[in-house]
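Structure file structure.txt (compact mmCIF, C-alpha atoms and all ligand atoms) is printed below.
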# COMPACT_ATOMS: atom_id res chain seq x y z
CA MET A 24 23.94 -52.87 -39.60
CA THR A 25 26.78 -51.63 -37.44
CA GLU A 26 30.16 -53.28 -37.03
CA ILE A 27 30.49 -53.81 -33.32
CA ALA A 28 33.46 -54.89 -31.21
CA ILE A 29 32.96 -56.45 -27.79
CA ILE A 30 35.86 -56.55 -25.36
CA GLY A 31 35.45 -59.25 -22.72
CA GLY A 32 33.82 -62.57 -23.60
CA GLY A 33 32.70 -63.66 -20.14
CA LEU A 34 29.17 -64.01 -18.78
CA MET A 35 27.99 -60.77 -20.36
CA GLY A 36 30.19 -60.41 -23.45
CA HIS A 37 29.10 -63.60 -25.18
CA GLY A 38 25.43 -62.87 -24.48
CA ILE A 39 25.62 -59.30 -25.78
CA ALA A 40 27.41 -60.62 -28.88
CA LEU A 41 24.56 -63.06 -29.47
CA VAL A 42 21.73 -60.53 -29.22
CA LEU A 43 23.56 -58.07 -31.49
CA ALA A 44 24.35 -60.73 -34.11
CA LEU A 45 20.78 -62.05 -34.18
CA HIS A 46 19.61 -58.54 -35.04
CA GLY A 47 21.89 -58.12 -38.01
CA HIS A 48 25.08 -56.56 -36.63
CA ALA A 49 28.55 -57.81 -37.57
CA VAL A 50 30.26 -58.62 -34.27
CA ARG A 51 33.86 -59.23 -33.22
CA ILE A 52 34.66 -60.29 -29.70
CA THR A 53 37.89 -60.71 -27.79
CA ASP A 54 39.07 -61.68 -24.33
CA THR A 55 42.53 -61.80 -22.76
CA SER A 56 41.82 -65.35 -21.57
CA THR A 57 42.38 -68.08 -24.18
CA GLU A 58 40.04 -70.36 -22.24
CA THR A 59 37.24 -67.77 -22.31
CA ARG A 60 37.72 -67.15 -26.03
CA ALA A 61 37.45 -70.89 -26.68
CA ARG A 62 34.21 -71.06 -24.67
CA VAL A 63 32.41 -68.20 -26.47
CA PRO A 64 31.12 -70.05 -29.59
CA GLY A 65 29.75 -73.01 -27.60
CA LEU A 66 27.95 -70.79 -25.07
CA MET A 67 26.39 -68.72 -27.86
CA GLU A 68 25.34 -71.81 -29.84
CA SER A 69 23.76 -73.36 -26.78
CA ALA A 70 21.85 -70.12 -26.03
CA LEU A 71 20.74 -69.89 -29.68
CA ALA A 72 19.44 -73.47 -29.53
CA THR A 73 17.32 -72.57 -26.46
CA LEU A 74 15.98 -69.42 -28.16
CA ARG A 75 15.09 -71.43 -31.27
CA GLU A 76 13.30 -74.14 -29.27
CA ALA A 77 11.19 -71.42 -27.62
CA GLY A 78 10.46 -69.74 -30.98
CA ALA A 79 12.28 -66.66 -29.67
CA ALA A 80 15.09 -66.44 -32.27
CA PRO A 81 14.73 -64.49 -35.50
CA GLU A 82 14.14 -66.72 -38.58
CA GLY A 83 17.00 -68.46 -40.34
CA TRP A 84 19.64 -68.65 -37.64
CA ASP A 85 21.79 -71.70 -36.97
CA ALA A 86 25.22 -72.30 -35.47
CA GLU A 87 26.95 -71.90 -38.84
CA ARG A 88 25.41 -68.50 -39.55
CA LEU A 89 26.18 -67.42 -35.99
CA GLY A 90 29.82 -68.41 -36.49
CA GLN A 91 29.96 -66.08 -39.50
CA ALA A 92 28.20 -63.22 -37.70
CA VAL A 93 30.41 -63.28 -34.58
CA ARG A 94 34.18 -63.50 -35.07
CA VAL A 95 36.25 -64.39 -32.03
CA GLU A 96 39.60 -62.58 -32.18
CA ALA A 97 42.74 -63.01 -30.09
CA ASP A 98 44.01 -59.44 -30.69
CA LEU A 99 42.43 -56.20 -29.59
CA ASP A 100 43.51 -54.31 -32.71
CA LYS A 101 41.86 -56.81 -35.06
CA THR A 102 38.73 -56.78 -32.91
CA VAL A 103 38.22 -53.03 -33.07
CA ALA A 104 39.39 -52.41 -36.67
CA GLY A 105 36.46 -50.89 -38.60
CA ALA A 106 34.06 -50.99 -35.63
CA GLY A 107 31.62 -48.08 -35.30
CA LEU A 108 30.82 -49.11 -31.73
CA VAL A 109 33.08 -50.75 -29.14
CA ILE A 110 31.41 -52.26 -26.07
CA GLU A 111 33.63 -52.84 -23.03
CA ALA A 112 32.44 -55.85 -20.97
CA ILE A 113 35.60 -56.70 -19.02
CA THR A 114 36.09 -57.33 -15.31
CA GLU A 115 34.48 -54.74 -12.99
CA ASN A 116 37.82 -53.19 -12.03
CA PRO A 117 38.52 -49.47 -12.56
CA ASP A 118 42.25 -49.91 -13.25
CA ALA A 119 41.61 -52.59 -15.87
CA LYS A 120 38.92 -50.47 -17.51
CA ARG A 121 41.11 -47.33 -17.51
CA ALA A 122 43.98 -49.25 -19.16
CA LEU A 123 41.61 -50.67 -21.78
CA PHE A 124 40.08 -47.27 -22.63
CA SER A 125 43.55 -45.82 -23.06
CA GLU A 126 44.37 -48.68 -25.50
CA LEU A 127 41.09 -48.10 -27.33
CA ASP A 128 41.90 -44.40 -27.60
CA ARG A 129 45.13 -45.36 -29.37
CA LEU A 130 43.49 -47.90 -31.69
CA CYS A 131 40.12 -46.39 -32.64
CA PRO A 132 39.38 -43.44 -34.91
CA ALA A 133 37.77 -40.36 -33.30
CA GLU A 134 34.25 -41.21 -34.54
CA THR A 135 34.10 -44.62 -32.82
CA ILE A 136 31.52 -44.79 -30.05
CA LEU A 137 32.91 -46.28 -26.81
CA ALA A 138 30.39 -47.95 -24.50
CA SER A 139 30.80 -49.65 -21.13
CA ASN A 140 28.62 -52.41 -19.68
CA THR A 141 29.74 -51.55 -16.12
CA SER A 142 27.30 -52.43 -13.34
CA TYR A 143 28.21 -49.67 -10.87
CA LEU A 144 31.40 -47.82 -11.85
CA ASP A 145 31.51 -44.20 -12.95
CA VAL A 146 33.61 -45.01 -16.01
CA PHE A 147 33.67 -41.48 -17.41
CA PRO A 148 36.76 -40.34 -15.45
CA LEU A 149 38.46 -43.51 -16.79
CA ILE A 150 37.92 -42.51 -20.43
CA PRO A 151 40.28 -40.03 -22.17
CA GLU A 152 38.89 -36.48 -22.40
CA ALA A 153 38.86 -36.38 -26.20
CA ARG A 154 36.53 -39.39 -26.26
CA GLN A 155 33.90 -38.04 -23.86
CA ALA A 156 31.48 -36.81 -26.56
CA ARG A 157 31.20 -40.32 -27.98
CA ALA A 158 31.34 -42.33 -24.75
CA LEU A 159 28.43 -43.70 -22.73
CA ILE A 160 27.24 -46.64 -20.67
CA LEU A 161 25.11 -49.33 -22.31
CA HIS A 162 24.22 -51.74 -19.50
CA TRP A 163 22.55 -55.05 -20.23
CA TYR A 164 21.22 -57.56 -17.70
CA THR A 165 21.88 -61.25 -17.65
CA PRO A 166 21.10 -63.13 -19.85
CA PRO A 167 21.22 -60.19 -22.28
CA TYR A 168 19.54 -62.14 -25.09
CA ILE A 169 16.42 -62.62 -22.92
CA VAL A 170 16.23 -59.75 -20.42
CA ASP A 171 15.18 -56.71 -22.44
CA LEU A 172 16.14 -53.82 -20.15
CA VAL A 173 19.20 -51.83 -21.24
CA ASP A 174 20.35 -48.77 -19.28
CA VAL A 175 21.62 -46.01 -21.57
CA VAL A 176 23.64 -43.54 -19.51
CA PRO A 177 25.41 -40.43 -20.78
CA GLY A 178 28.49 -38.98 -19.14
CA PRO A 179 28.85 -35.25 -18.49
CA GLY A 180 30.18 -34.65 -22.02
CA THR A 181 28.25 -37.20 -24.09
CA ASP A 182 26.71 -35.81 -27.29
CA PRO A 183 22.88 -36.21 -27.03
CA ALA A 184 22.87 -37.46 -30.66
CA VAL A 185 25.06 -40.41 -29.59
CA VAL A 186 22.66 -41.21 -26.73
CA ALA A 187 19.68 -41.09 -29.12
CA ALA A 188 21.46 -43.28 -31.70
CA MET A 189 22.33 -45.88 -29.08
CA ALA A 190 18.78 -45.92 -27.68
CA ASP A 191 17.62 -46.55 -31.28
CA LEU A 192 20.16 -49.34 -31.65
CA VAL A 193 18.77 -50.98 -28.48
CA ARG A 194 15.17 -50.61 -29.76
CA GLY A 195 16.33 -52.26 -32.99
CA LEU A 196 17.25 -55.33 -30.93
CA GLY A 197 13.63 -55.50 -29.74
CA GLN A 198 14.86 -54.37 -26.30
CA VAL A 199 13.84 -51.61 -23.90
CA PRO A 200 16.27 -48.72 -23.35
CA ILE A 201 15.96 -46.62 -20.19
CA VAL A 202 17.77 -43.35 -20.85
CA LEU A 203 19.03 -41.76 -17.63
CA LYS A 204 19.75 -38.03 -17.38
CA ARG A 205 23.07 -38.62 -15.68
CA PHE A 206 25.24 -41.38 -14.19
CA ILE A 207 24.21 -42.83 -10.85
CA PRO A 208 25.90 -46.05 -9.63
CA GLY A 209 23.63 -49.03 -10.41
CA TYR A 210 21.10 -47.00 -12.47
CA VAL A 211 17.56 -48.01 -11.40
CA ALA A 212 17.26 -51.81 -11.44
CA ASN A 213 20.71 -52.53 -10.00
CA ARG A 214 20.16 -50.04 -7.15
CA ILE A 215 16.97 -51.89 -6.23
CA GLN A 216 18.79 -55.23 -6.51
CA GLN A 217 21.57 -53.84 -4.32
CA ALA A 218 19.03 -52.89 -1.65
CA ILE A 219 17.64 -56.45 -1.83
CA SER A 220 21.18 -57.85 -1.61
CA ALA A 221 21.98 -55.75 1.49
CA GLU A 222 18.91 -57.15 3.24
CA VAL A 223 19.55 -60.73 2.07
CA PHE A 224 23.21 -60.60 3.19
CA ARG A 225 22.07 -59.39 6.63
CA LEU A 226 19.45 -62.17 6.95
CA LEU A 227 22.08 -64.78 6.06
CA ASP A 228 24.97 -63.33 8.09
CA GLU A 229 22.75 -63.02 11.17
CA GLY A 230 21.38 -66.56 10.66
CA VAL A 231 17.75 -65.39 10.47
CA ALA A 232 16.83 -67.47 7.41
CA ALA A 233 18.41 -70.10 5.16
CA PRO A 234 19.17 -69.48 1.44
CA ARG A 235 16.25 -71.64 0.32
CA ASP A 236 13.80 -69.78 2.61
CA ILE A 237 15.00 -66.40 1.40
CA ASP A 238 14.56 -67.41 -2.23
CA ASP A 239 11.14 -68.92 -1.40
CA ALA A 240 10.08 -65.54 0.01
CA ILE A 241 11.24 -63.83 -3.17
CA ILE A 242 9.81 -66.39 -5.59
CA HIS A 243 6.46 -66.99 -3.87
CA GLY A 244 6.01 -63.57 -2.26
CA LEU A 245 7.53 -60.78 -4.30
CA SER A 246 7.83 -62.21 -7.81
CA LEU A 247 4.23 -62.99 -8.63
CA ARG A 248 3.08 -59.37 -8.44
CA ILE A 249 6.10 -57.63 -9.94
CA PRO A 250 5.50 -58.61 -13.61
CA ILE A 251 2.05 -57.05 -13.50
CA LEU A 252 2.37 -54.25 -10.98
CA GLY A 253 6.02 -53.26 -10.78
CA HIS A 254 6.47 -51.57 -7.39
CA LEU A 255 4.59 -48.28 -7.44
CA ALA A 256 1.36 -49.71 -8.88
CA LYS A 257 1.58 -52.35 -6.14
CA ALA A 258 1.71 -49.53 -3.58
CA ASP A 259 -1.56 -48.18 -5.01
CA PHE A 260 -3.14 -51.58 -4.32
CA THR A 261 -1.62 -51.72 -0.82
CA GLY A 262 -3.09 -48.28 -0.15
CA LEU A 263 -0.90 -45.22 0.11
CA GLU A 264 -2.01 -44.31 3.64
CA LEU A 265 -0.75 -47.65 4.96
CA THR A 266 2.43 -47.12 2.95
CA GLN A 267 2.76 -43.68 4.57
CA ARG A 268 2.11 -45.03 8.10
CA ALA A 269 4.59 -47.90 7.67
CA LEU A 270 7.21 -45.33 6.70
CA ALA A 271 6.31 -42.96 9.55
CA ASN A 272 6.36 -45.74 12.21
CA GLY A 273 10.07 -46.21 11.49
CA SER A 274 9.98 -49.80 12.83
CA TYR A 275 11.97 -51.03 9.84
CA ALA A 276 15.60 -49.97 9.75
CA PRO A 277 17.54 -50.80 6.58
CA PRO A 278 20.85 -52.61 7.08
CA PRO A 279 23.73 -50.24 7.80
CA PRO A 280 26.05 -50.00 4.77
CA ARG A 281 28.70 -52.74 4.79
CA THR A 282 31.41 -53.62 2.28
CA ARG A 283 31.44 -57.34 3.07
CA SER A 284 29.29 -60.31 4.02
CA GLU A 285 30.73 -63.16 6.11
CA THR A 286 28.55 -65.75 4.35
CA LEU A 287 29.60 -64.52 0.93
CA ASP A 288 33.28 -64.36 1.91
CA ALA A 289 33.16 -67.95 3.22
CA LEU A 290 31.61 -69.26 -0.01
CA CYS A 291 34.13 -67.45 -2.21
CA ALA A 292 37.02 -68.68 -0.04
CA GLU A 293 35.82 -72.27 -0.64
CA GLY A 294 35.72 -71.65 -4.41
CA ARG A 295 31.92 -71.72 -4.39
CA ILE A 296 31.67 -68.79 -6.77
CA GLY A 297 28.40 -69.63 -8.53
CA VAL A 298 27.24 -71.66 -11.51
CA MET A 299 30.57 -71.39 -13.34
CA ALA A 300 32.04 -73.45 -10.45
CA GLY A 301 28.95 -75.67 -10.03
CA LYS A 302 28.33 -74.33 -6.50
CA GLY A 303 27.48 -71.06 -4.80
CA TYR A 304 24.71 -70.44 -2.28
CA PHE A 305 23.24 -73.65 -3.78
CA ASP A 306 24.92 -76.87 -4.89
CA TRP A 307 24.19 -77.31 -8.60
CA GLY A 308 24.86 -81.06 -8.50
CA GLY A 309 27.89 -81.16 -10.78
CA ARG A 310 25.87 -79.90 -13.78
CA PRO A 311 27.98 -77.96 -16.29
CA PRO A 312 27.24 -74.22 -16.76
CA GLU A 313 25.90 -74.77 -20.31
CA GLU A 314 23.21 -77.12 -18.95
CA LEU A 315 22.32 -74.74 -16.12
CA PHE A 316 22.08 -71.79 -18.52
CA ARG A 317 19.82 -73.87 -20.79
CA GLU A 318 17.43 -74.69 -17.96
CA ARG A 319 17.39 -71.07 -16.73
CA ASP A 320 16.88 -69.74 -20.26
CA ARG A 321 14.06 -72.18 -21.08
CA LYS A 322 12.22 -71.17 -17.92
CA LEU A 323 12.83 -67.43 -18.44
CA LEU A 324 11.56 -67.65 -22.02
CA ALA A 325 8.41 -69.47 -20.90
CA LEU A 326 7.80 -66.79 -18.25
CA LYS A 327 8.49 -63.99 -20.73
CA ALA A 328 5.98 -65.46 -23.20
CA ALA A 329 3.38 -65.74 -20.44
CA MET A 330 4.07 -62.15 -19.34
CA ALA A 331 3.67 -60.89 -22.92
CA GLY A 332 0.26 -62.59 -23.04
CA ILE A 333 -0.86 -61.29 -19.63
CA GLY A 334 0.45 -57.74 -19.81
CA ARG A 335 0.85 -55.14 -17.05
CA MET A 336 -2.05 -53.34 -15.35
CA GLU A 337 -3.81 -51.06 -17.78
CA GLY A 338 -3.08 -47.41 -17.15
CA THR A 339 0.40 -47.93 -15.68
N1 LIG A 401 27.48 -60.78 -14.48
C1 LIG A 401 26.42 -59.99 -14.58
O1 LIG A 401 25.30 -60.39 -14.22
C2 LIG A 401 26.55 -58.60 -15.12
C3 LIG A 401 25.37 -57.94 -15.54
C4 LIG A 401 25.48 -56.66 -16.08
C5 LIG A 401 26.71 -56.03 -16.18
N2 LIG A 401 27.84 -56.69 -15.76
C6 LIG A 401 29.12 -55.99 -15.95
O2 LIG A 401 29.71 -56.46 -17.16
C7 LIG A 401 31.14 -56.49 -17.04
C8 LIG A 401 31.62 -57.92 -17.27
O3 LIG A 401 31.03 -58.77 -16.30
P1 LIG A 401 30.97 -60.35 -16.50
O4 LIG A 401 30.03 -60.83 -15.46
O5 LIG A 401 30.78 -60.68 -17.91
O6 LIG A 401 32.45 -60.71 -16.04
P2 LIG A 401 33.29 -62.02 -16.38
O7 LIG A 401 34.30 -62.14 -15.33
O8 LIG A 401 32.38 -63.19 -16.67
O9 LIG A 401 33.98 -61.63 -17.76
C9 LIG A 401 34.92 -60.61 -17.87
C10 LIG A 401 35.94 -61.04 -18.89
O10 LIG A 401 36.82 -59.95 -19.16
C11 LIG A 401 38.07 -60.50 -19.50
N3 LIG A 401 39.05 -59.43 -19.44
C12 LIG A 401 39.57 -58.82 -18.34
N4 LIG A 401 40.39 -57.82 -18.73
C13 LIG A 401 40.36 -57.80 -20.08
C14 LIG A 401 40.97 -56.97 -21.06
N5 LIG A 401 41.78 -55.95 -20.73
N6 LIG A 401 40.73 -57.23 -22.37
C15 LIG A 401 39.91 -58.24 -22.75
N7 LIG A 401 39.31 -59.06 -21.85
C16 LIG A 401 39.52 -58.82 -20.54
C17 LIG A 401 38.27 -61.63 -18.50
O11 LIG A 401 39.20 -62.56 -18.96
C18 LIG A 401 36.84 -62.19 -18.41
O12 LIG A 401 36.65 -63.30 -19.28
C19 LIG A 401 31.45 -55.94 -15.65
O13 LIG A 401 31.70 -54.57 -15.76
C20 LIG A 401 30.16 -56.21 -14.88
O14 LIG A 401 29.99 -55.34 -13.80
C21 LIG A 401 27.79 -57.96 -15.26
O1 LIG A 402 20.88 -58.22 -12.77
C1 LIG A 402 21.83 -58.31 -13.53
O2 LIG A 402 21.87 -59.02 -14.50
C2 LIG A 402 23.06 -57.52 -13.21
O3 LIG A 402 22.85 -56.20 -13.36
C3 LIG A 402 23.68 -57.88 -11.90
O4 LIG A 402 24.06 -59.20 -11.84
C4 LIG A 402 24.79 -56.93 -11.57
O5 LIG A 402 25.94 -57.16 -12.28
C5 LIG A 402 25.03 -56.75 -10.08
O6 LIG A 402 23.84 -56.77 -9.38
C6 LIG A 402 26.09 -57.62 -9.45
O7 LIG A 402 26.25 -57.27 -8.09

For the file at hand, write its structure as C-alpha cells.
Ligand SMILES: NC(=O)c1ccc[n+]([C@@H]2O[C@H](COP(=O)([O-])OP(=O)(O)OC[C@H]3O[C@@H](n4cnc5c(N)ncnc54)[C@H](O)[C@@H]3O)[C@@H](O)[C@H]2O)c1
Ligand SMILES: O=C(O)[C@@H](O)[C@@H](O)[C@H](O)[C@@H](O)CO
Amino acid sequence: MTEIAIIGGGLMGHGIALVLALHGHAVRITDTSTETRARVPGLMESALATLREAGAAPEGWDAERLGQAVRVEADLDKTVAGAGLVIEAITENPDAKRALFSELDRLCPAETILASNTSYLDVFPLIPEARQARALILHWYTPPYIVDLVDVVPGPGTDPAVVAAMADLVRGLGQVPIVLKRFIPGYVANRIQQAISAEVFRLLDEGVAAPRDIDDAIIHGLSLRIPILGHLAKADFTGLELTQRALANGSYAPPPPRTRSETLDALCAEGRIGVMAGKGYFDWGGRPPEELFRERDRKLLALKAAMAGIGRMEGT
C-alpha cells in the first residue's frame, strides 16, 4: 500500500483515485475548484456502483469504505503530507503545471515520486532539476478504472528503479503499463488518436460527412477488428503487398497540420463542450453526466468482458 496524493479532481483525477483506492492504496485528492471537490465523492460512488453491478469491483467495496479510502482535501499541503507518490492531473496548461510542480517541490520531501498524467506536454522542463530522478509521466485513459492501458514515461533524468517501481504499481492495479524509452508527445495510443482526430476534423470542417456518419464508420468499420487484431496483425490479413502498393500510390494525403477546427471552435463558442455540458458533437438530451458515465461504463464493461472471453489472435 502506498499513500498517494492526486492533484486535480476533474474527469481524470476522480477516476484515477477510484482505481488506486480499489487496489488498496490510501488516496488523498484535491482541486482548486470547490465545486469539483464537492463532485468527486458522488462521481466515484456512481462509478463504483457500475463496477459492482458488472462484477468488476474487488470484493467488499461500498460507498462507505470508498469514503474512508479516498480523502478529499481543500489544501495542497494536507493532500501531499506523507504521500510517497503525487500524481498531477490538473488542466493541460504548461504554466499551471510548472507552478504546481514548484509548489510540490517546496512541500514534498526529496524521496517523493512526482508523476504527471499529461496527455501531450513534455512536463520534464516544468519540473525542478533536483526532482528529475524521481519524476515521470503516468498517463491513464478515460475512464481510468476501466481502460487498462497506462503509459509510463521517463524523463531524461528519471531513475530506472522509479520507472520499474511505477510499472509494478500499475500491474498491481490489474492494468497494463507500456514503458516508453523516452518522452514523445501523445505516447503511442494518443498519437494514433490524434491522427484520427486530424482526419475527422477535416471531414467535418469540409462538410464531407456528418458526426453520426463518421462515428458509424468508426463503430461499424474500424472497431470490430481492433480488439482482436490491433493494427499490424490486421495488415497481415489485408496482405502486406497491397499495404505497400497503397502507400506507394500516394493517392491518400494526410491532412496538413492545423491548430484549429472551425466545427470544434463553433461548438465550444456555443458552450457545447461535451458531456459535462450535456451537449457536444451530439445532444445528450439533458441527461446529467453521472447518468451518461453510467451508461458508457456499463457498455464498456460488457465489451471488456466479451473481449477477455474472445482474446486476441494467437501468436500476436
Ligand atoms: N480527459 C481525458 O480524457 C484525459 C485522458 C488522459 C489524460 N488527460 C490529462 O489529464 C489532465 C487532467 O485532465 P482532465 O480531463 O481531468 O481535466 P479537467 O478539466 O476535467 O480537470 C482538471 C482539474 O484541475 C483543476 N486544477 C487546475 N489547476 C489546479 C491546481 N493548481 N491545483 C489543483 N487543481 C487544479 C481544475 O479545477 C479541474 O477540476 C490533463 O493533463 C489532461 O491532458 C485527460
Ligand atoms: O483517450 C483518452 O482517454 C485520452 O488520452 C484522450 O482523451 C486525450 O486526453 C486526448 O486525446 C485529448 O485530445

As an mmCIF file with C-alpha atoms, in the coordinates of the input, please: the residues near Lys204 of chain A (cut-off 12 Å, all atoms listed in the file, same-chain neighbours under 4 positions excluded).
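File written: selection-v1.cif
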data_model
loop_
_atom_site.group_PDB
_atom_site.id
_atom_site.type_symbol
_atom_site.label_atom_id
_atom_site.label_comp_id
_atom_site.auth_asym_id
_atom_site.auth_seq_id
_atom_site.Cartn_x
_atom_site.Cartn_y
_atom_site.Cartn_z
ATOM 1 C CA LEU A 159 28.430 -43.700 -22.730
ATOM 2 C CA ILE A 160 27.240 -46.640 -20.670
ATOM 3 C CA ASP A 174 20.350 -48.770 -19.280
ATOM 4 C CA VAL A 175 21.620 -46.010 -21.570
ATOM 5 C CA VAL A 176 23.640 -43.540 -19.510
ATOM 6 C CA PRO A 177 25.410 -40.430 -20.780
ATOM 7 C CA GLY A 178 28.490 -38.980 -19.140
ATOM 8 C CA PRO A 179 28.850 -35.250 -18.490
ATOM 9 C CA GLY A 180 30.180 -34.650 -22.020
ATOM 10 C CA THR A 181 28.250 -37.200 -24.090
ATOM 11 C CA PRO A 183 22.880 -36.210 -27.030
ATOM 12 C CA VAL A 186 22.660 -41.210 -26.730
ATOM 13 C CA TYR A 210 21.100 -47.000 -12.470
ATOM 14 C CA VAL A 211 17.560 -48.010 -11.400
#

Give the residues close to ligand LIG 401 (chain A), within 6 Å, counting only C-alpha atoms and all ligand atoms; write them as number ranges by chain. A: 30-36, 53-56, 59, 112-115, 119, 123, 140-142, 162-165

Mind dumping the selected residues with C-alpha atoms as a PDB file, keeping the file's coordinate frame?
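Written out: out00.pdb:
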ATOM      1  CA  ILE A  30      35.860 -56.550 -25.360  1.00  0.00           C
ATOM      2  CA  GLY A  31      35.450 -59.250 -22.720  1.00  0.00           C
ATOM      3  CA  GLY A  32      33.820 -62.570 -23.600  1.00  0.00           C
ATOM      4  CA  GLY A  33      32.700 -63.660 -20.140  1.00  0.00           C
ATOM      5  CA  LEU A  34      29.170 -64.010 -18.780  1.00  0.00           C
ATOM      6  CA  MET A  35      27.990 -60.770 -20.360  1.00  0.00           C
ATOM      7  CA  GLY A  36      30.190 -60.410 -23.450  1.00  0.00           C
ATOM      8  CA  THR A  53      37.890 -60.710 -27.790  1.00  0.00           C
ATOM      9  CA  ASP A  54      39.070 -61.680 -24.330  1.00  0.00           C
ATOM     10  CA  THR A  55      42.530 -61.800 -22.760  1.00  0.00           C
ATOM     11  CA  SER A  56      41.820 -65.350 -21.570  1.00  0.00           C
ATOM     12  CA  THR A  59      37.240 -67.770 -22.310  1.00  0.00           C
ATOM     13  CA  ALA A 112      32.440 -55.850 -20.970  1.00  0.00           C
ATOM     14  CA  ILE A 113      35.600 -56.700 -19.020  1.00  0.00           C
ATOM     15  CA  THR A 114      36.090 -57.330 -15.310  1.00  0.00           C
ATOM     16  CA  GLU A 115      34.480 -54.740 -12.990  1.00  0.00           C
ATOM     17  CA  ALA A 119      41.610 -52.590 -15.870  1.00  0.00           C
ATOM     18  CA  LEU A 123      41.610 -50.670 -21.780  1.00  0.00           C
ATOM     19  CA  ASN A 140      28.620 -52.410 -19.680  1.00  0.00           C
ATOM     20  CA  THR A 141      29.740 -51.550 -16.120  1.00  0.00           C
ATOM     21  CA  SER A 142      27.300 -52.430 -13.340  1.00  0.00           C
ATOM     22  CA  HIS A 162      24.220 -51.740 -19.500  1.00  0.00           C
ATOM     23  CA  TRP A 163      22.550 -55.050 -20.230  1.00  0.00           C
ATOM     24  CA  TYR A 164      21.220 -57.560 -17.700  1.00  0.00           C
ATOM     25  CA  THR A 165      21.880 -61.250 -17.650  1.00  0.00           C
TER      26      THR A 165
END

From the options A:Leu263, A:Leu226, A:Tyr143, A:Ile150, which residue's atoms come nearest to Gly209 of chain A, counting all atoms listed in the file? A:Tyr143

What's around segment 74-77 of chain A at 10 Å? Count only C-alpha atoms, leave out sequence neighbours fewer than 3 positions away in its own chain, and write the answer as a ChimeraX atom specification. /A:68-71,80-85,168-169,317,320-322,324-325,328

Of the residues A:His254, A:Arg268, A:Lys327, A:Arg225, which is the one nearest to Arg281 of chain A, using only C-alpha atoms?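 Closest residue, counting only C-alpha atoms: A:Arg225.
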